[in-house]
Amino acid sequence: MTNFNRSRKITIIGGRGRMGQFFTQQLSTAGHQVSTLGNQDWDRASQLLGEAELVIVSVPIERTVAVIERAAKYLLPTTALADITSIKAQPVQAMLANHAGAVMGLHPMFGPSVKSFAGQKVVICSGRNDEIFQWLLDFIADRGGELISCTPEEHDRIMVTIQATRHFSRFCCGAFLSAENTDIDRSLLMSTPSYRQEIEIVNRLFAQNPALCVDIMLATEERCEAIARLAQTYSRLAELILQKDRSALIREFEIAQSFLTQENLASTKQKEYAIAATQL
Ligand SMILES: NC(=O)c1ccc[n+]([C@@H]2O[C@H](COP(=O)([O-])OP(=O)(O)OC[C@H]3O[C@@H](n4cnc5c(N)ncnc54)[C@H](OP(=O)(O)O)[C@@H]3O)[C@@H](O)[C@H]2O)c1
């Protein structure tokens with residue numbers, strides 16, 4: 001394990017944002033000298049970036065590549081450059097293309113409301129000279145974080161399922177509840193555990209910054225296409241509902257049921273979750 005106790009000069013671009021504050025707090029509490037470069041601080045970029053040992057990019061998705069290109073001009077070849085964007089292929093590619101030094105893509109799989117890395121997953125995408133980041137990875141792991149390695153491409157593919165289509169589904173659910181003017185409080189009074197769970201999950205989405213939610217759905221063409229396929233699935237099944245086609249709906253249900261039970265609920269934890277979820 002590397003010495004993650006040595007104090008390092010770190011600059012977080014977007015350090016005043018929600019995730020930036022989380023990383024600032026975690027790293028400065030551990031004794032690192034953490035500076036922030038925000039939107040209005042570019043006149044101090046040569047000091048803030050040129051002297052840093054590690055620079056972490058934590059800006060909105062659609063600005064990430066432009067910020068990487070702008071920041072790279074100030075970096076020493078010895079500076080390690082990482083980002084925490086919710087997409088990985090474009091930022092990692094931009095960091096590799098614009099910075100000759102160590103590069104790594106990170107994606108914290110949690111929001112800024114968590115208090116620490118304990119029990120949280122962080123996806124890591126190798127870029128260049130991974131060993132330079134070992135102290136940071138050890139730091140996260142030492143605080144109870146779980147590190148999962150993958151390529152940026154695999155990350156982005158899997159996030160279509162984990163984030164983009166889930167966000168869309170919850171977005172639609174919230175939009176529907178709002179359009180129907182649903183009395184949520186009253187409905188919760190007589191609700192099932194799974195309904196309460198769903199409302200909580202939908203509420204969590206709407207507690208986020210709207211731009212982040214929308215950017216996550218729009219981030220890649222692959223995401224937009226997958227969301228369109230999900231919407232087509234809703235429409236196809238809704239059509240069967242309108243036609244009162246009971247046998248077709250049962251057939252659709254059984255196809256999905258067989259896929260989910262046989263293929264994708266392999267781990268014990270997932271099985272337990274599925275069993276709990278059947279308690280409607
Ligand atoms: N929020 C989450 O749940 C979450 C989870 C995992 C990963 N992420 C990723 O984390 C990143 C940041 O998300 P966030 O939710 O923390 O966003 P945020 O709260 O909107 O913060 C973004 C920060 O970026 C700064 N910024 C914007 N444009 C800039 C520029 N041109 N130069 C320098 N700084 C600039 C802003 O600085 P000023 O304050 O100076 O305007 C702001 O503080 C995103 O890439 C997102 O995908 C977010």
# chains A, B, ... in the order shown; residues from 1 in each chain; ligands from 1
call {"tool": "residues_around", "arguments": {"residues": "Asp142 of chain A", "least_positions_apart": "3", "cutoff": "10 Å", "atoms": "only C-alpha atoms", "output": "NGL selection string"}}
result
:A and (1 or 4 or 117-118 or 136-139 or 145-146)
call {"tool": "closest_atom_pairs", "arguments": {"of": "segment 120-173 of chain A", "to": "segment 228-249 of chain A", "cutoff": "9 Å", "atoms": "only C-alpha atoms", "output": "tab-separated table"}}
result
residue	atom	partner	partner_atom	distance
A:Thr165	CA	A:Leu230	CA	7.2
A:Phe168	CA	A:Leu230	CA	8.8
A:Ser169	CA	A:Leu230	CA	8.4
call {"tool": "atom_distance", "arguments": {"atom1": "atom CA of Glu53 of chain A", "atom2": "atom CA of Lys88 of chain A"}}
result
21.8 Å
call {"tool": "select_by_dssp", "arguments": {"residues": "segment 19-207 of chain A", "states": "alpha helix (DSSP H)", "output": "NGL selection string"}}
result
:A and (19-29 or 45-50 or 61-72 or 89-98 or 134-142 or 152-159 or 165-179 or 184-189 or 193-206)
call {"tool": "select_by_dssp", "arguments": {"residues": "segment 56-271 of chain A", "states": "strand (DSSP E)", "output": "count of residues only"}}
result
24
call {"tool": "closest_residue", "arguments": {"among": "A:Ser46, A:Ser178, A:Asn209, A:Gln26", "to": "ligand 1", "atoms": "only C-alpha atoms and all ligand atoms"}}
result
A:Asn209
call {"tool": "residues_around", "arguments": {"residues": "His99 of chain A", "least_positions_apart": "5", "cutoff": "8 Å", "atoms": "only C-alpha atoms", "output": "number ranges by chain"}}
result
A: 72, 75, 77, 81
call {"tool": "write_last_selection", "arguments": {"atoms": "N, CA and C atoms", "output": "tab-separated table (two decimals), in the first residue's frame"}}
result
chain	number	residue	atom	x	y	z
A	72	ALA	N	-5.40	21.48	-19.44
A	72	ALA	CA	-4.19	20.71	-19.78
A	72	ALA	C	-3.01	21.62	-20.11
A	75	LEU	N	-0.80	22.26	-17.07
A	75	LEU	CA	-0.29	21.16	-16.24
A	75	LEU	C	1.16	20.82	-16.55
A	77	PRO	N	4.05	17.90	-16.84
A	77	PRO	CA	3.94	16.48	-17.24
A	77	PRO	C	3.88	15.55	-16.03
A	81	LEU	N	-3.76	13.65	-13.69
A	81	LEU	CA	-5.03	14.25	-14.08
A	81	LEU	C	-6.14	13.19	-14.03
call {"tool": "residues_near_ligand", "arguments": {"ligand": "ligand 1", "cutoff": "6 Å", "atoms": "only C-alpha atoms and all ligand atoms", "output": "list in words"}}
result
Ile13, Gly14, Gly15, Arg16, Gly17, Arg18, Met19, Gly20, Leu37, Gly38, Asn39, Gln40, Ser58, Val59, Pro60, Ile61, Val67, Ile84, Thr85, Ser86, His107, Pro108, Met109, Phe110, Gly111 and Pro112 of chain A
call {"tool": "atom_distance", "arguments": {"atom1": "atom CA of Glu62 of chain A", "atom2": "atom CA of Leu218 of chain A"}}
result
9.5 Å
call {"tool": "atom_distance", "arguments": {"atom1": "atom CA of Cys173 of chain A", "atom2": "atom CA of Met159 of chain A"}}
result
19.8 Å
call {"tool": "decode", "arguments": {"residues": "segment 45-150 of chain A", "atoms": "C-alpha atoms", "output": "PDB file, in the first residue's frame"}}
result
ATOM      1  CA  ALA A  45      -4.983  28.806 -13.429  1.00  0.00           C
ATOM      2  CA  SER A  46      -1.200  28.766 -13.773  1.00  0.00           C
ATOM      3  CA  GLN A  47      -0.831  28.794  -9.997  1.00  0.00           C
ATOM      4  CA  LEU A  48      -3.787  26.518  -9.205  1.00  0.00           C
ATOM      5  CA  LEU A  49      -3.001  23.956 -11.909  1.00  0.00           C
ATOM      6  CA  GLY A  50       0.708  24.445 -12.514  1.00  0.00           C
ATOM      7  CA  GLU A  51       1.638  23.630  -8.926  1.00  0.00           C
ATOM      8  CA  ALA A  52      -0.722  20.733  -8.342  1.00  0.00           C
ATOM      9  CA  GLU A  53       0.371  17.138  -7.965  1.00  0.00           C
ATOM     10  CA  LEU A  54      -3.151  15.949  -8.709  1.00  0.00           C
ATOM     11  CA  VAL A  55      -5.912  17.743 -10.616  1.00  0.00           C
ATOM     12  CA  ILE A  56      -9.448  16.377 -10.447  1.00  0.00           C
ATOM     13  CA  VAL A  57     -12.029  17.599 -12.963  1.00  0.00           C
ATOM     14  CA  SER A  58     -15.521  17.794 -11.402  1.00  0.00           C
ATOM     15  CA  VAL A  59     -17.581  20.001 -13.711  1.00  0.00           C
ATOM     16  CA  PRO A  60     -20.937  19.408 -15.483  1.00  0.00           C
ATOM     17  CA  ILE A  61     -20.801  16.625 -18.076  1.00  0.00           C
ATOM     18  CA  GLU A  62     -21.258  18.829 -21.123  1.00  0.00           C
ATOM     19  CA  ARG A  63     -18.370  21.082 -20.066  1.00  0.00           C
ATOM     20  CA  THR A  64     -15.904  18.369 -19.112  1.00  0.00           C
ATOM     21  CA  VAL A  65     -14.046  17.960 -22.402  1.00  0.00           C
ATOM     22  CA  ALA A  66     -13.671  21.731 -22.931  1.00  0.00           C
ATOM     23  CA  VAL A  67     -12.420  22.165 -19.353  1.00  0.00           C
ATOM     24  CA  ILE A  68      -9.905  19.318 -19.773  1.00  0.00           C
ATOM     25  CA  GLU A  69      -8.604  20.923 -22.982  1.00  0.00           C
ATOM     26  CA  ARG A  70      -8.317  24.293 -21.264  1.00  0.00           C
ATOM     27  CA  ALA A  71      -6.733  22.963 -18.059  1.00  0.00           C
ATOM     28  CA  ALA A  72      -4.191  20.711 -19.783  1.00  0.00           C
ATOM     29  CA  LYS A  73      -2.228  23.739 -21.047  1.00  0.00           C
ATOM     30  CA  TYR A  74      -1.293  24.621 -17.462  1.00  0.00           C
ATOM     31  CA  LEU A  75      -0.292  21.164 -16.244  1.00  0.00           C
ATOM     32  CA  LEU A  76       3.218  19.884 -15.696  1.00  0.00           C
ATOM     33  CA  PRO A  77       3.940  16.479 -17.239  1.00  0.00           C
ATOM     34  CA  THR A  78       4.338  15.204 -13.666  1.00  0.00           C
ATOM     35  CA  THR A  79       0.798  16.222 -12.684  1.00  0.00           C
ATOM     36  CA  ALA A  80      -1.733  13.421 -12.386  1.00  0.00           C
ATOM     37  CA  LEU A  81      -5.035  14.254 -14.082  1.00  0.00           C
ATOM     38  CA  ALA A  82      -8.324  12.565 -13.167  1.00  0.00           C
ATOM     39  CA  ASP A  83     -12.008  13.275 -13.700  1.00  0.00           C
ATOM     40  CA  ILE A  84     -15.145  12.112 -11.906  1.00  0.00           C
ATOM     41  CA  THR A  85     -17.624  12.618 -14.736  1.00  0.00           C
ATOM     42  CA  SER A  86     -20.591  10.255 -15.013  1.00  0.00           C
ATOM     43  CA  ILE A  87     -19.480   9.294 -18.519  1.00  0.00           C
ATOM     44  CA  LYS A  88     -16.009   7.968 -19.138  1.00  0.00           C
ATOM     45  CA  ALA A  89     -15.032   7.426 -22.795  1.00  0.00           C
ATOM     46  CA  GLN A  90     -15.008  11.092 -23.867  1.00  0.00           C
ATOM     47  CA  PRO A  91     -13.254  12.508 -20.770  1.00  0.00           C
ATOM     48  CA  VAL A  92     -10.587   9.776 -20.647  1.00  0.00           C
ATOM     49  CA  GLN A  93      -9.948  10.208 -24.359  1.00  0.00           C
ATOM     50  CA  ALA A  94      -9.698  14.002 -23.912  1.00  0.00           C
ATOM     51  CA  MET A  95      -7.314  13.662 -20.946  1.00  0.00           C
ATOM     52  CA  LEU A  96      -5.058  11.248 -22.856  1.00  0.00           C
ATOM     53  CA  ALA A  97      -5.062  13.461 -25.939  1.00  0.00           C
ATOM     54  CA  ASN A  98      -4.308  16.694 -24.076  1.00  0.00           C
ATOM     55  CA  HIS A  99      -2.076  15.670 -21.181  1.00  0.00           C
ATOM     56  CA  ALA A 100       1.168  13.729 -21.473  1.00  0.00           C
ATOM     57  CA  GLY A 101       1.267  12.684 -17.807  1.00  0.00           C
ATOM     58  CA  ALA A 102      -0.695  10.222 -15.684  1.00  0.00           C
ATOM     59  CA  VAL A 103      -4.417   9.994 -16.449  1.00  0.00           C
ATOM     60  CA  MET A 104      -7.299   8.164 -14.784  1.00  0.00           C
ATOM     61  CA  GLY A 105     -11.072   8.285 -15.096  1.00  0.00           C
ATOM     62  CA  LEU A 106     -13.135   7.830 -11.933  1.00  0.00           C
ATOM     63  CA  HIS A 107     -16.883   7.571 -11.492  1.00  0.00           C
ATOM     64  CA  PRO A 108     -18.178   7.727  -7.932  1.00  0.00           C
ATOM     65  CA  MET A 109     -21.373   5.660  -7.946  1.00  0.00           C
ATOM     66  CA  PHE A 110     -23.029   7.858  -5.328  1.00  0.00           C
ATOM     67  CA  GLY A 111     -24.241  11.390  -4.892  1.00  0.00           C
ATOM     68  CA  PRO A 112     -22.893  14.230  -2.770  1.00  0.00           C
ATOM     69  CA  SER A 113     -25.205  13.513   0.170  1.00  0.00           C
ATOM     70  CA  VAL A 114     -23.059  10.613   1.387  1.00  0.00           C
ATOM     71  CA  LYS A 115     -20.776  11.338   4.320  1.00  0.00           C
ATOM     72  CA  SER A 116     -17.804   9.204   3.261  1.00  0.00           C
ATOM     73  CA  PHE A 117     -16.567   6.544   0.844  1.00  0.00           C
ATOM     74  CA  ALA A 118     -17.629   3.805   3.274  1.00  0.00           C
ATOM     75  CA  GLY A 119     -19.730   1.206   1.489  1.00  0.00           C
ATOM     76  CA  GLN A 120     -19.701   3.198  -1.758  1.00  0.00           C
ATOM     77  CA  LYS A 121     -18.503   2.023  -5.176  1.00  0.00           C
ATOM     78  CA  VAL A 122     -16.085   3.961  -7.355  1.00  0.00           C
ATOM     79  CA  VAL A 123     -15.530   2.815 -10.941  1.00  0.00           C
ATOM     80  CA  ILE A 124     -11.991   3.377 -12.173  1.00  0.00           C
ATOM     81  CA  CYS A 125     -10.897   3.535 -15.802  1.00  0.00           C
ATOM     82  CA  SER A 126      -7.225   3.235 -16.426  1.00  0.00           C
ATOM     83  CA  GLY A 127      -5.724   5.908 -18.674  1.00  0.00           C
ATOM     84  CA  ARG A 128      -1.950   6.187 -18.329  1.00  0.00           C
ATOM     85  CA  ASN A 129       0.578   5.508 -15.527  1.00  0.00           C
ATOM     86  CA  ASP A 130      -1.957   4.023 -13.110  1.00  0.00           C
ATOM     87  CA  GLU A 131       0.683   3.597 -10.410  1.00  0.00           C
ATOM     88  CA  ILE A 132       0.751   7.383  -9.864  1.00  0.00           C
ATOM     89  CA  PHE A 133      -2.858   7.155  -8.630  1.00  0.00           C
ATOM     90  CA  GLN A 134      -2.245   4.223  -6.298  1.00  0.00           C
ATOM     91  CA  TRP A 135      -2.187   6.459  -3.204  1.00  0.00           C
ATOM     92  CA  LEU A 136      -5.594   7.888  -4.172  1.00  0.00           C
ATOM     93  CA  LEU A 137      -7.076   4.439  -4.796  1.00  0.00           C
ATOM     94  CA  ASP A 138      -5.619   3.194  -1.496  1.00  0.00           C
ATOM     95  CA  PHE A 139      -7.068   6.277   0.203  1.00  0.00           C
ATOM     96  CA  ILE A 140     -10.560   5.496  -1.125  1.00  0.00           C
ATOM     97  CA  ALA A 141     -10.260   1.789  -0.301  1.00  0.00           C
ATOM     98  CA  ASP A 142      -8.896   2.552   3.173  1.00  0.00           C
ATOM     99  CA  ARG A 143     -12.039   4.580   3.863  1.00  0.00           C
ATOM    100  CA  GLY A 144     -14.258   1.668   2.922  1.00  0.00           C
ATOM    101  CA  GLY A 145     -14.800   2.450  -0.755  1.00  0.00           C
ATOM    102  CA  GLU A 146     -15.049  -0.390  -3.269  1.00  0.00           C
ATOM    103  CA  LEU A 147     -13.052   0.076  -6.471  1.00  0.00           C
ATOM    104  CA  ILE A 148     -14.245  -1.541  -9.681  1.00  0.00           C
ATOM    105  CA  SER A 149     -11.983  -1.427 -12.759  1.00  0.00           C
ATOM    106  CA  CYS A 150     -13.235  -1.421 -16.301  1.00  0.00           C
TER     107      CYS A 150
END
